[in-house]
Each structure stands twice: as structure tokens, then as C-alpha cells.
$ cat run_4.tsv   # TSV, C-alpha atoms and all ligand atoms
chain	number	residue	atom	x	y	z
A	1	MET	CA	118.10	36.73	-195.83
A	2	LEU	CA	117.04	33.79	-197.95
A	3	VAL	CA	113.57	32.51	-197.26
A	4	ASN	CA	112.77	28.97	-198.15
A	5	ASN	CA	109.07	29.09	-198.92
A	6	ASN	CA	108.69	25.35	-199.14
A	7	HIS	CA	110.06	25.04	-195.68
A	8	LEU	CA	107.64	27.68	-194.38
A	9	ASN	CA	104.71	25.93	-196.03
A	10	GLU	CA	105.77	22.68	-194.52
A	11	ARG	CA	105.84	24.24	-191.08
A	12	LEU	CA	102.46	25.83	-191.60
A	13	THR	CA	101.10	22.47	-192.73
A	14	ARG	CA	102.40	20.59	-189.75
A	15	LYS	CA	101.05	23.17	-187.29
A	16	SER	CA	97.72	23.21	-189.11
A	17	GLN	CA	97.51	19.44	-188.82
A	18	GLN	CA	98.29	19.65	-185.14
A	19	ILE	CA	95.64	22.30	-184.59
A	20	TYR	CA	93.09	20.53	-186.77
A	21	HIS	CA	93.47	17.26	-184.88
A	22	PHE	CA	93.31	19.13	-181.57
A	23	ILE	CA	89.96	20.61	-182.62
A	24	ARG	CA	88.71	17.20	-183.86
A	25	LYS	CA	89.67	15.59	-180.58
A	26	HIS	CA	88.07	18.20	-178.35
A	27	GLY	CA	85.01	18.97	-180.45
A	28	SER	CA	84.69	22.66	-179.69
A	29	VAL	CA	87.56	24.86	-178.50
A	30	SER	CA	88.52	28.49	-178.16
A	31	LYS	CA	91.67	30.02	-179.60
A	32	GLN	CA	93.03	30.25	-176.08
A	33	ASP	CA	92.40	26.51	-175.53
A	34	ILE	CA	94.57	25.80	-178.57
A	35	VAL	CA	97.35	28.17	-177.44
A	36	ILE	CA	97.49	26.48	-174.04
A	37	GLY	CA	96.79	22.92	-175.19
A	38	LEU	CA	99.43	22.88	-177.92
A	39	LYS	CA	101.85	25.40	-176.38
A	40	LEU	CA	101.84	27.53	-179.52
A	41	SER	CA	102.01	31.32	-179.82
A	42	LEU	CA	98.83	33.28	-180.43
A	43	PRO	CA	99.97	34.59	-183.87
A	44	THR	CA	100.84	31.03	-185.00
A	45	VAL	CA	97.45	29.74	-183.90
A	46	THR	CA	95.65	32.69	-185.51
A	47	GLN	CA	97.49	32.22	-188.81
A	48	ASN	CA	96.82	28.50	-188.96
A	49	LEU	CA	93.19	28.84	-187.92
A	50	GLN	CA	92.74	31.27	-190.79
A	51	TYR	CA	94.26	28.71	-193.15
A	52	LEU	CA	91.96	25.95	-191.82
A	53	THR	CA	88.94	28.27	-192.05
A	54	ASP	CA	89.83	29.19	-195.65
A	55	MET	CA	90.08	25.49	-196.45
A	56	GLU	CA	86.52	25.15	-195.05
A	57	LEU	CA	87.75	22.61	-192.53
A	58	VAL	CA	86.93	24.61	-189.44
A	59	ASP	CA	83.70	26.35	-188.51
A	60	THR	CA	83.76	29.64	-186.59
A	61	SER	CA	80.05	30.43	-186.46
A	62	LYS	CA	79.48	29.29	-182.87
A	63	LYS	CA	80.39	30.99	-179.62
A	64	ILE	CA	81.61	29.65	-176.32
A	65	LEU	CA	79.48	31.20	-173.60
A	66	ASN	CA	81.58	32.88	-170.93
A	67	THR	CA	80.14	33.86	-167.58
A	68	GLY	CA	82.11	37.12	-167.61
A	69	GLY	CA	83.57	39.15	-170.45
A	70	ARG	CA	83.11	38.53	-174.16
A	71	ASN	CA	81.95	35.27	-175.67
A	72	ALA	CA	84.85	33.63	-177.49
A	73	THR	CA	84.63	32.06	-180.93
A	74	ALA	CA	84.18	28.30	-180.78
A	75	TYR	CA	86.28	26.44	-183.33
A	76	THR	CA	84.72	23.19	-184.44
A	77	TYR	CA	85.64	20.91	-187.32
A	78	ILE	CA	83.30	20.43	-190.24
A	79	ARG	CA	82.73	16.73	-190.77
A	80	SER	CA	81.07	16.86	-194.13
A	81	THR	CA	83.39	19.32	-195.85
A	82	ARG	CA	85.21	16.43	-197.53
A	83	MET	CA	84.08	12.85	-198.02
A	84	ALA	CA	85.39	9.61	-199.39
A	85	ILE	CA	83.54	6.74	-201.00
A	86	GLY	CA	84.24	3.07	-200.34
A	87	VAL	CA	83.18	0.15	-202.51
A	88	TYR	CA	83.23	-3.55	-201.64
A	89	LEU	CA	82.83	-6.14	-204.37
A	90	THR	CA	81.90	-9.60	-203.08
A	91	SER	CA	80.66	-12.73	-204.86
A	92	ASN	CA	77.01	-11.68	-204.59
A	93	HIS	CA	76.91	-8.00	-203.60
A	94	ILE	CA	78.21	-4.55	-204.36
A	95	SER	CA	78.32	-2.25	-201.33
A	96	VAL	CA	79.01	1.45	-201.61
A	97	VAL	CA	79.38	3.82	-198.65
A	98	ALA	CA	80.09	7.51	-198.19
A	99	VAL	CA	82.26	8.33	-195.18
A	100	ASP	CA	82.74	11.78	-193.66
A	101	LEU	CA	85.85	13.13	-191.96
A	102	SER	CA	84.77	11.70	-188.60
A	103	GLY	CA	84.72	8.17	-190.06
A	104	ASN	CA	80.94	7.95	-189.98
A	105	VAL	CA	79.13	6.16	-192.75
A	106	VAL	CA	76.66	8.84	-193.86
A	107	ASP	CA	75.10	6.89	-196.70
A	108	MET	CA	75.23	3.38	-198.04
A	109	GLU	CA	73.82	1.29	-200.84
A	110	LYS	CA	74.04	-2.46	-201.09
A	111	VAL	CA	72.71	-4.41	-204.04
A	112	GLN	CA	72.61	-8.10	-204.73
A	113	ILE	CA	74.44	-8.81	-207.98
A	114	LYS	CA	76.70	-11.61	-209.07
A	115	PHE	CA	80.39	-10.74	-209.28
A	116	ASP	CA	81.27	-10.80	-212.97
A	117	LEU	CA	84.07	-8.53	-214.12
A	118	ALA	CA	83.77	-9.93	-217.64
A	119	ASP	CA	80.29	-8.41	-217.90
A	120	GLU	CA	80.32	-4.77	-219.03
A	121	ASP	CA	76.94	-4.21	-217.34
A	122	TYR	CA	78.42	-5.26	-214.01
A	123	LEU	CA	81.23	-2.71	-214.38
A	124	LYS	CA	78.68	-0.05	-215.32
A	125	ARG	CA	76.62	-0.95	-212.24
A	126	ILE	CA	79.62	-0.26	-209.99
A	127	GLY	CA	79.96	3.19	-211.54
A	128	GLU	CA	76.23	3.89	-211.24
A	129	LEU	CA	76.16	2.97	-207.55
A	130	VAL	CA	79.14	5.22	-206.80
A	131	GLU	CA	77.37	8.05	-208.62
A	132	LEU	CA	74.11	7.35	-206.78
A	133	VAL	CA	75.74	7.61	-203.35
A	134	LYS	CA	77.75	10.66	-204.41
A	135	VAL	CA	74.65	12.51	-205.62
A	136	ARG	CA	72.51	11.43	-202.67
A	137	THR	CA	75.14	12.60	-200.21
A	138	ASP	CA	75.59	15.81	-202.17
A	139	ILE	CA	79.34	15.42	-202.51
A	140	LYS	CA	80.82	17.95	-204.91
A	141	ASP	CA	83.59	16.75	-207.21
A	142	GLU	CA	86.15	18.92	-205.43
A	143	SER	CA	85.07	17.56	-202.01
A	144	LEU	CA	85.34	13.89	-203.00
A	145	LEU	CA	88.69	12.66	-201.72
A	146	GLY	CA	88.62	9.40	-203.64
A	147	VAL	CA	86.94	6.05	-204.13
A	148	GLY	CA	88.52	3.04	-202.40
A	149	ILE	CA	87.57	-0.29	-203.95
A	150	ALA	CA	87.97	-3.39	-201.75
A	151	VAL	CA	88.22	-6.71	-203.55
A	152	GLN	CA	88.56	-10.33	-202.47
A	153	SER	CA	92.09	-10.60	-203.73
A	154	LEU	CA	95.60	-9.62	-202.86
A	155	VAL	CA	96.37	-6.28	-204.47
A	156	SER	CA	99.69	-4.78	-205.55
A	157	SER	CA	100.97	-2.22	-203.07
A	158	ASP	CA	100.19	0.68	-205.43
A	159	GLY	CA	96.53	-0.43	-205.63
A	160	GLU	CA	96.71	-0.85	-209.39
A	161	THR	CA	96.74	-4.60	-209.99
A	162	ILE	CA	94.98	-7.76	-208.78
A	163	ARG	CA	97.37	-10.39	-207.44
A	164	TYR	CA	96.35	-13.93	-206.59
A	165	GLY	CA	92.61	-13.42	-207.09
A	166	ILE	CA	91.64	-17.03	-206.49
A	167	ALA	CA	88.49	-16.64	-204.37
A	168	LEU	CA	86.60	-15.22	-207.37
A	169	ASP	CA	87.11	-15.10	-211.12
A	170	PHE	CA	89.11	-11.95	-211.76
A	171	ALA	CA	88.60	-11.62	-215.48
A	172	LYS	CA	89.93	-8.07	-215.20
A	173	THR	CA	93.12	-7.58	-213.29
A	174	THR	CA	93.87	-3.88	-213.35
A	175	ARG	CA	92.28	-1.02	-211.48
A	176	LYS	CA	91.64	0.79	-214.77
A	177	GLU	CA	89.56	-2.12	-216.07
A	178	ILE	CA	87.60	-2.67	-212.86
A	179	ALA	CA	86.97	1.03	-212.24
A	180	LYS	CA	86.24	1.80	-215.89
A	181	TYR	CA	83.04	3.66	-214.99
A	182	ILE	CA	84.31	5.49	-211.91
A	183	PRO	CA	85.49	8.91	-213.11
A	184	TYR	CA	87.14	9.84	-209.80
A	185	LYS	CA	90.46	9.14	-208.17
A	186	ASN	CA	90.38	5.51	-207.03
A	187	ARG	CA	92.48	2.51	-206.07
A	188	LEU	CA	92.09	-1.16	-205.20
A	189	PHE	CA	92.50	-2.64	-201.73
A	190	HIS	CA	92.65	-6.17	-200.29
A	191	ASP	CA	89.39	-6.65	-198.38
A	192	PRO	CA	90.39	-7.90	-194.88
A	193	GLU	CA	93.01	-5.17	-194.67
A	194	MET	CA	90.25	-2.60	-195.09
A	195	ALA	CA	87.97	-4.10	-192.44
A	196	CYS	CA	91.01	-4.11	-190.16
A	197	TYR	CA	91.81	-0.53	-191.15
A	198	ALA	CA	88.31	0.56	-190.06
A	199	GLU	CA	88.77	-1.12	-186.67
A	200	VAL	CA	92.09	0.54	-186.02
A	201	TRP	CA	90.77	3.85	-187.34
A	202	ILE	CA	88.05	4.07	-184.70
A	203	ASP	CA	90.32	2.83	-181.93
A	204	ARG	CA	93.68	4.49	-182.41
A	205	SER	CA	94.98	2.90	-179.23
A	206	ILE	CA	95.35	-0.42	-181.08
A	207	GLN	CA	99.04	-0.61	-181.86
A	208	ASN	CA	99.51	-4.28	-182.75
A	209	ALA	CA	96.68	-6.50	-183.89
A	210	PHE	CA	95.71	-9.46	-185.98
A	211	TYR	CA	92.32	-9.17	-187.65
A	212	ILE	CA	90.52	-12.38	-188.62
A	213	SER	CA	87.71	-11.96	-191.11
A	214	LEU	CA	85.25	-14.85	-190.67
A	215	SER	CA	83.07	-14.49	-193.74
A	216	ASN	CA	82.26	-16.92	-196.56
A	217	SER	CA	85.97	-17.16	-196.95
A	218	VAL	CA	88.44	-16.50	-194.16
A	219	GLY	CA	90.94	-13.69	-194.46
A	220	GLY	CA	93.26	-11.81	-192.16
A	221	ALA	CA	95.30	-8.68	-191.79
A	222	VAL	CA	98.18	-7.73	-189.53
A	223	VAL	CA	98.76	-4.37	-187.87
A	224	VAL	CA	102.22	-3.71	-186.49
A	225	ASP	CA	102.97	-0.36	-184.88
A	226	ASN	CA	99.72	1.09	-186.26
A	227	ASN	CA	100.55	0.12	-189.84
A	228	ILE	CA	99.23	-2.71	-191.98
A	229	TYR	CA	101.99	-5.28	-192.37
A	230	ARG	CA	101.85	-7.02	-195.76
A	231	GLY	CA	105.02	-9.10	-195.64
A	232	ASN	CA	107.62	-9.54	-198.36
A	233	SER	CA	105.20	-10.55	-201.10
A	234	LEU	CA	101.85	-9.07	-199.96
A	235	LYS	CA	100.68	-12.35	-198.39
A	236	GLY	CA	101.07	-11.32	-194.76
A	237	GLY	CA	97.99	-12.26	-192.74
A	238	GLU	CA	96.71	-14.93	-195.17
A	239	ILE	CA	95.38	-16.97	-192.28
A	240	GLY	CA	92.71	-18.61	-194.43
A	241	HIS	CA	95.34	-20.90	-195.92
A	242	MET	CA	97.18	-21.71	-192.73
A	243	LEU	CA	97.15	-25.49	-192.26
A	244	ALA	CA	94.55	-26.28	-189.61
A	245	VAL	CA	93.68	-29.94	-190.24
A	246	ARG	CA	96.74	-32.14	-190.73
A	247	GLU	CA	95.04	-35.21	-192.06
A	248	ASN	CA	91.88	-35.82	-194.08
A	249	GLY	CA	91.09	-32.14	-194.22
A	250	GLU	CA	88.48	-30.75	-196.61
A	251	LYS	CA	89.55	-29.31	-199.93
A	252	CYS	CA	89.96	-25.54	-199.83
A	253	TYR	CA	89.02	-23.27	-202.73
A	254	CYS	CA	92.78	-22.73	-203.16
A	255	GLY	CA	93.16	-26.37	-204.17
A	256	LYS	CA	94.97	-27.54	-201.03
A	257	TYR	CA	93.50	-29.57	-198.17
A	258	GLY	CA	92.87	-28.75	-194.51
A	259	CYS	CA	93.26	-24.95	-194.71
A	260	PHE	CA	91.87	-22.87	-191.82
A	261	ASP	CA	89.28	-21.58	-194.31
A	262	THR	CA	87.76	-25.07	-194.52
A	263	VAL	CA	86.95	-25.14	-190.79
A	264	CYS	CA	86.14	-21.50	-189.97
A	265	ARG	CA	84.44	-19.94	-192.97
A	266	ALA	CA	80.89	-18.74	-192.17
A	267	THR	CA	79.36	-21.32	-194.51
A	268	LYS	CA	80.50	-24.08	-192.12
A	269	LEU	CA	77.65	-22.81	-189.95
A	270	ASP	CA	74.98	-21.55	-192.32
A	271	GLU	CA	75.16	-24.59	-194.60
A	272	TYR	CA	72.82	-25.97	-191.94
A	273	THR	CA	70.29	-23.14	-192.44
A	274	ASN	CA	70.25	-22.69	-196.23
A	275	GLY	CA	72.91	-20.01	-196.25
A	276	ASN	CA	71.16	-17.87	-193.64
A	277	LEU	CA	73.65	-17.15	-190.85
A	278	ASP	CA	71.11	-15.31	-188.73
A	279	ALA	CA	68.84	-18.37	-188.84
A	280	PHE	CA	71.77	-20.50	-187.67
A	281	PHE	CA	72.21	-18.37	-184.55
A	282	VAL	CA	68.46	-18.43	-183.91
A	283	LYS	CA	68.64	-22.24	-183.95
A	284	LEU	CA	71.71	-22.20	-181.74
A	285	ARG	CA	70.00	-20.00	-179.17
A	286	SER	CA	66.91	-22.20	-179.22
A	287	GLY	CA	69.01	-25.20	-178.12
A	288	ASP	CA	69.17	-27.04	-181.46
A	289	LYS	CA	71.54	-29.99	-181.01
A	290	ILE	CA	73.10	-30.02	-184.48
A	291	ALA	CA	73.63	-26.24	-184.42
A	292	GLN	CA	75.33	-26.64	-181.04
A	293	GLU	CA	77.62	-29.37	-182.36
A	294	LYS	CA	78.59	-27.28	-185.35
A	295	TRP	CA	79.20	-24.24	-183.16
A	296	ASP	CA	81.34	-26.18	-180.67
A	297	ALA	CA	83.46	-27.58	-183.51
A	298	TYR	CA	83.77	-24.09	-184.99
A	299	LEU	CA	84.84	-22.49	-181.70
A	300	TYR	CA	87.35	-25.28	-181.09
A	301	GLU	CA	89.12	-24.58	-184.39
A	302	LEU	CA	88.87	-20.83	-183.94
A	303	SER	CA	90.35	-20.98	-180.43
A	304	LEU	CA	93.30	-22.95	-181.76
A	305	ALA	CA	94.00	-20.31	-184.41
A	306	ILE	CA	93.63	-17.47	-181.89
A	307	HIS	CA	96.05	-19.18	-179.52
A	308	ASN	CA	98.63	-19.63	-182.28
A	309	ILE	CA	98.30	-16.03	-183.39
A	310	ARG	CA	98.71	-14.80	-179.84
A	311	MET	CA	101.86	-16.90	-179.38
A	312	LEU	CA	103.28	-15.47	-182.60
A	313	PHE	CA	102.31	-11.81	-182.32
A	314	ASP	CA	101.42	-10.99	-178.72
A	315	GLY	CA	98.96	-8.35	-179.93
A	316	LYS	CA	95.19	-7.87	-179.94
A	317	VAL	CA	93.13	-10.33	-181.92
A	318	ILE	CA	90.05	-8.84	-183.58
A	319	LEU	CA	87.27	-11.10	-184.86
A	320	GLY	CA	85.36	-9.65	-187.79
A	321	GLY	CA	83.46	-10.71	-190.86
A	322	TYR	CA	80.00	-12.29	-190.87
A	323	VAL	CA	80.63	-14.51	-187.82
A	324	GLY	CA	82.54	-11.74	-186.03
A	325	ALA	CA	79.29	-9.76	-185.93
A	326	TYR	CA	77.69	-12.54	-183.80
A	327	ILE	CA	80.68	-13.54	-181.69
A	328	GLY	CA	80.07	-11.00	-178.91
A	329	ASP	CA	77.50	-13.23	-177.17
A	330	TYR	CA	79.94	-16.15	-177.13
A	331	ILE	CA	83.16	-14.33	-176.35
A	332	ASP	CA	83.41	-15.68	-172.77
A	333	GLN	CA	83.14	-19.25	-173.99
A	334	LEU	CA	85.75	-18.58	-176.67
A	335	CYS	CA	88.09	-16.89	-174.16
A	336	GLU	CA	87.89	-19.97	-171.94
A	337	LEU	CA	88.88	-22.25	-174.81
A	338	VAL	CA	91.79	-19.99	-175.73
A	339	ASP	CA	92.96	-19.60	-172.13
A	340	ALA	CA	93.04	-23.39	-171.72
A	341	ARG	CA	95.83	-23.49	-174.30
A	342	THR	CA	98.16	-20.77	-173.05
A	343	PRO	CA	101.25	-21.58	-171.00
A	344	PHE	CA	101.31	-18.01	-169.62
A	345	GLU	CA	99.19	-17.60	-166.54
A	346	ASP	CA	98.92	-13.83	-166.84
A	347	ASP	CA	97.87	-13.93	-170.50
A	348	LYS	CA	94.08	-13.75	-170.46
A	349	ALA	CA	92.13	-13.78	-173.72
A	350	LYS	CA	89.59	-11.30	-172.37
A	351	ASP	CA	92.41	-8.72	-172.35
A	352	TYR	CA	93.33	-9.11	-176.02
A	353	LEU	CA	90.51	-10.86	-177.85
A	354	MET	CA	87.78	-8.57	-179.14
A	355	PRO	CA	84.83	-8.69	-181.51
A	356	CYS	CA	84.91	-6.09	-184.28
A	357	LYS	CA	83.42	-2.75	-183.26
A	358	TYR	CA	82.77	-1.41	-186.72
A	359	LYS	CA	79.54	-3.14	-187.69
A	360	VAL	CA	78.34	-1.18	-190.73
A	361	GLU	CA	80.09	-2.14	-193.94
A	362	ALA	CA	83.52	-2.10	-192.29
A	363	THR	CA	85.36	-3.20	-195.43
A	364	ALA	CA	83.92	-0.54	-197.73
A	365	ALA	CA	84.28	2.08	-194.98
A	366	GLY	CA	87.93	1.13	-194.43
A	367	ALA	CA	88.61	1.55	-198.15
A	368	ALA	CA	87.17	5.06	-197.94
A	369	MET	CA	89.10	5.89	-194.75
A	370	ASN	CA	92.39	5.48	-196.57
A	371	TYR	CA	91.54	8.60	-198.52
A	372	ILE	CA	90.55	10.44	-195.37
A	373	ASP	CA	93.92	9.63	-193.81
A	374	ASP	CA	95.69	10.76	-196.98
A	375	PHE	CA	93.80	14.02	-196.71
A	376	PHE	CA	94.71	14.48	-193.04
A	377	ASP	CA	98.35	13.94	-193.98
A	378	GLU	CA	98.13	16.64	-196.62
A	379	ILE	CA	96.34	19.39	-194.69
B	1	ZN	ZN	93.46	-22.80	-198.87

$ encode --input "run_4.tsv" --output "C-alpha cells"
Amino acid sequence: MLVNNNHLNERLTRKSQQIYHFIRKHGSVSKQDIVIGLKLSLPTVTQNLQYLTDMELVDTSKKILNTGGRNATAYTYIRSTRMAIGVYLTSNHISVVAVDLSGNVVDMEKVQIKFDLADEDYLKRIGELVELVKVRTDIKDESLLGVGIAVQSLVSSDGETIRYGIALDFAKTTRKEIAKYIPYKNRLFHDPEMACYAEVWIDRSIQNAFYISLSNSVGGAVVVDNNIYRGNSLKGGEIGHMLAVRENGEKCYCGKYGCFDTVCRATKLDEYTNGNLDAFFVKLRSGDKIAQEKWDAYLYELSLAIHNIRMLFDGKVILGGYVGAYIGDYIDQLCELVDARTPFEDDKAKDYLMPCKYKVEATAAGAAMNYIDDFFDEI
């Protein structure tokens, strides 16, 4: 009889994945739990558990205490056995995070430094920060799944080239040039897609969503059927340049007038408080009249965009970025504004509009999570 080894390996891999995710989901399970839960035979489960144990993905050192009979081995997954690193390059900061297999940020470093890809020292600094986090987290070379680098630019679908980097000066346009001092597997990612990725990663029930990143520039990302949708030419979700003000709009950094970015970027608020967004919200809460006027104008424009997105996509709308981190306290007011626009009585914003849940360096973490998902696919 001919035996196709590849086919056998493939089957083993798929079963291992199934078992691994079952253990992740349930935390601590016995072999019998897996047999019953996944309707697999005992030899299949035993064989695959051995494989997962050999891969150092599953821990067998604990016992499940039984009231009668022998104590069974408890199978738990090891979170820190592999890790990925995420980097986020913004106009004034470099953020680097280490993420474990549960999606937790286990270490982070954020330094204030001006974005300047033409400066060799800046490129070196990126490499040094990656190394710092790697050493501090004690990630061995063979356990590092990869380094995801999020940038404020559209990125080619293979993660190799900068496309349309207009928010910042992209003096270097290839991954190789930007990651010159990162000696590990890496790739580039478009920043709002990564923040969106982190949101969907921690809440796998989100099937369709539009993520709006309300930072110093406005970006967006679309999730359709659990996958990032980039469109025909990678520009899917570019909500920042949607026309929001028809006449006499402000000039956008893209060169056009009246873009959504010009009315809903975070600086529309913190220009009032010397670039300090937290101070803006302190003023707003204290009843400051100008802060209130600015906030009302901001929410008005935002509610219009949310309404339009909902009419187009009929999915969840996630608000992230700098302002997204504060929006929770004002979500009822925003829902009211959105609901006033809908023609569908049963369509309530509170059911689909949500502030981002991932508060710690979501963009850098999302860039790392891509490597974790790749790893899960390969187990
Ligand atoms: Zn624009």
C-alpha cells in the first residue's frame, strides 16, 4: 500500500491545531476531555498531544484532582513558549512590544524620537529597541516568531514596500531599508489595519467591522468575514480622505480640501491644550465652554461618518486611536447622534458602535499578532 507521508503530516497538523486550540480555549483539560470534546479517538489524541508536548507548546506538569481514582494529567498551553515582537513607527515615537501566544503584551518600550528614515541613527535605534525588548523578555532566537513593523503608510500586500506614504516623509521605501538593523524575520504593515487586527484578535466574534483610528491623522480598516479587506489597490478603508466638508473645507495633508481627516483628527481637539489630549478632556469634564464647542463639533462630524459607514457595511464600527481611548465616556451621546440619522428603527448604534478594547499599544501588538496567527496556522 502506498503511504503518502505529506498527507499524513497534514492530517496530524490539522488535528494538532484542533487540539491545541481546544486546550487554549479551555485553559486546563484532561486527555479524556479532549477525546469527548473533539470526538477524536484516544490514540489520535495521545499521538497529537505528544507532538504538541515535543514542540513545547503544551505543559503536562500539572494534575487534575479527581475525587476518586487516579489524578489525570492536566494539559495546559504554554503562553511564553513562542513570542512575536511588534513595532510602531509614528511621527514622534517608536513603540516596541513583545506579545505572547495569548495575545498579551508582556513587555513594551516607547521612546520619543522624530521619525527620520534618512537618518542612519534612527534606523539603528529601531534595531536597538527591538533587541532591548527581546533580551528583556528573554526570547530566544528560535522562539521569536517575527517582528511586525507598523507604519503610517499603505504597504504592498507582501509587506515589502511602502506605497503612498504621504503622512510622513518616507525617505526609505523598502522593508529591507527600514529594517536594516533588525536581524530577524520581519515585514511592514499599514498601521490602522494592525490596530484593527488586535481588536478582532481579542474578540473573534467580530465578523464584519469598520475600524476608525482617530489619532493625529485619521485612518481606517475594514474587516469582512474575519479578514482584512484591502480593496483592489490597497486603499480600502482610507476613511481619512473621504470628503466630509463639501465647501470651504480645511486643507488636508494629502493636498485636497475637506477630507474627514481635517474634522476628526485628534489635533482638532488638543490644539486647544497645546497638543495634550488628556488636558483637553480634563477641560471638557470641568465644563470649559470652548472645549465643549470643539467636542460637539467633533462628535457631529464623527456621527455623520459612522452613519455613512453603517449604511454601507452594516457591520460593527470600532472607534480607536488616541480619541478612541477616551470615547467610552461619551458613547451614549454619540449613539444618540448616530441614531438620529438612521432610517431603520431597529438599527441602534449601541448594538454596533464600540470603543476599542485593546488599549495598550494596539497597533504594535496587532503587527506582532500576525506572526502568532501564522504560527497557529503552521502548528
Ligand atoms: Zn486628505

$ closest_residue --input "run_4.tsv" --among "A:Val155, A:Leu312, A:Val58, A:Leu302" --to "Leu337 (chain A)" --atoms "only C-alpha atoms"
A:Leu302

$ closest_residue --input "run_4.tsv" --among "A:Asp138, A:Glu238, A:Asp203, A:Asp59" --to "ligand ZN 1 (chain B)" --atoms "all atoms listed in the file"
A:Glu238

$ closest_residue --input "run_4.tsv" --among "A:Ile309, A:Leu319, A:Cys252, A:Met354" --to "ligand ZN 1 (chain B)" --atoms "all atoms listed in the file"
A:Cys252

$ residues_near_point --input "run_4.tsv" --point "(90.8, -21.1, -183.3)" --cutoff "10 Å" --atoms "all atoms listed in the file" --output "PyMOL selection string"
chain A and resi 244+260+263-264+297-309+334+337-338

$ residues_near_point --input "run_4.tsv" --point "(88.9, 12.0, -201.1)" --cutoff "9 Å" --atoms "only C-alpha atoms" --output "list in words"
Arg82, Met83, Ala84, Ile85, Glu142, Ser143, Leu144, Leu145, Gly146, Val147, Lys185, Asn186, Ala368, Met369, Asn370, Tyr371, Ile372, Asp374 and Phe375 of chain A

$ residues_near_ligand --input "run_4.tsv" --ligand "ligand ZN 1 (chain B)" --cutoff "8 Å" --atoms "only C-alpha atoms and all ligand atoms" --output "PyMOL selection string"
chain A and resi 240-242+251-262

$ closest_residue --input "run_4.tsv" --among "A:Thr161, A:Leu117, A:Gly37, A:Lys25" --to "Arg204 (chain A)" --atoms "only C-alpha atoms"
A:Lys25

$ atom_distance --input "run_4.tsv" --atom1 "CA of Leu277 (chain A)" --atom2 "CA of Ala349 (chain A)"
25.4 Å

$ closest_residue --input "run_4.tsv" --among "A:Thr90, A:Gln207, A:Thr363, A:Asn66" --to "Asp314 (chain A)" --atoms "all atoms listed in the file"
A:Gln207

$ axis_aligned_box --input "run_4.tsv" --around "region 128-140 of chain A" --padding-each-side "8 Å" --output "lines of an AutoDock Vina configuration file"
center_x = 76.7
center_y = 10.5
center_z = -205.7
size_x = 24.3
size_y = 31.0
size_z = 27.0

$ atom_distance --input "run_4.tsv" --atom1 "CA of Asp119 (chain A)" --atom2 "CA of Thr174 (chain A)"
15.0 Å

$ closest_residue --input "run_4.tsv" --among "A:Val96, A:Ile139, A:Ala167, A:Ile78" --to "Ser28 (chain A)" --atoms "only C-alpha atoms"
A:Ile78

$ atom_distance --input "run_4.tsv" --atom1 "CA of Phe280 (chain A)" --atom2 "CA of Lys357 (chain A)"
21.7 Å

$ residues_around --input "run_4.tsv" --residues "region 194-198 of chain A" --least-positions-apart "2" --cutoff "8 Å" --atoms "all atoms listed in the file" --output "PyMOL selection string"
chain A and resi 150+189-192+200-202+211+213+221+228+320+358+362-367+369

$ residues_around --input "run_4.tsv" --residues "Glu293 (chain A)" --least-positions-apart "2" --cutoff "12 Å" --atoms "all atoms listed in the file" --output "list of chain:residue names"
A:Lys268, A:Leu269, A:Tyr272, A:Phe280, A:Lys283, A:Leu284, A:Gly287, A:Asp288, A:Lys289, A:Ile290, A:Ala291, A:Trp295, A:Asp296, A:Ala297, A:Tyr298, A:Leu299, A:Tyr300

$ residues_around --input "run_4.tsv" --residues "region 178-182 of chain A" --least-positions-apart "6" --cutoff "12 Å" --atoms "all atoms listed in the file" --output "PyMOL selection string"
chain A and resi 85-87+89+115-132+134+146-151+159-162+170-172+188

$ residues_around --input "run_4.tsv" --residues "Asp270 (chain A)" --least-positions-apart "2" --cutoff "10 Å" --atoms "all atoms listed in the file" --output "list in words"
Asn216, Arg265, Ala266, Thr267, Lys268, Tyr272, Thr273, Asn274, Gly275, Asn276, Leu277, Asp278, Ala279, Phe280, Phe281, Ala291 and Lys294 of chain A
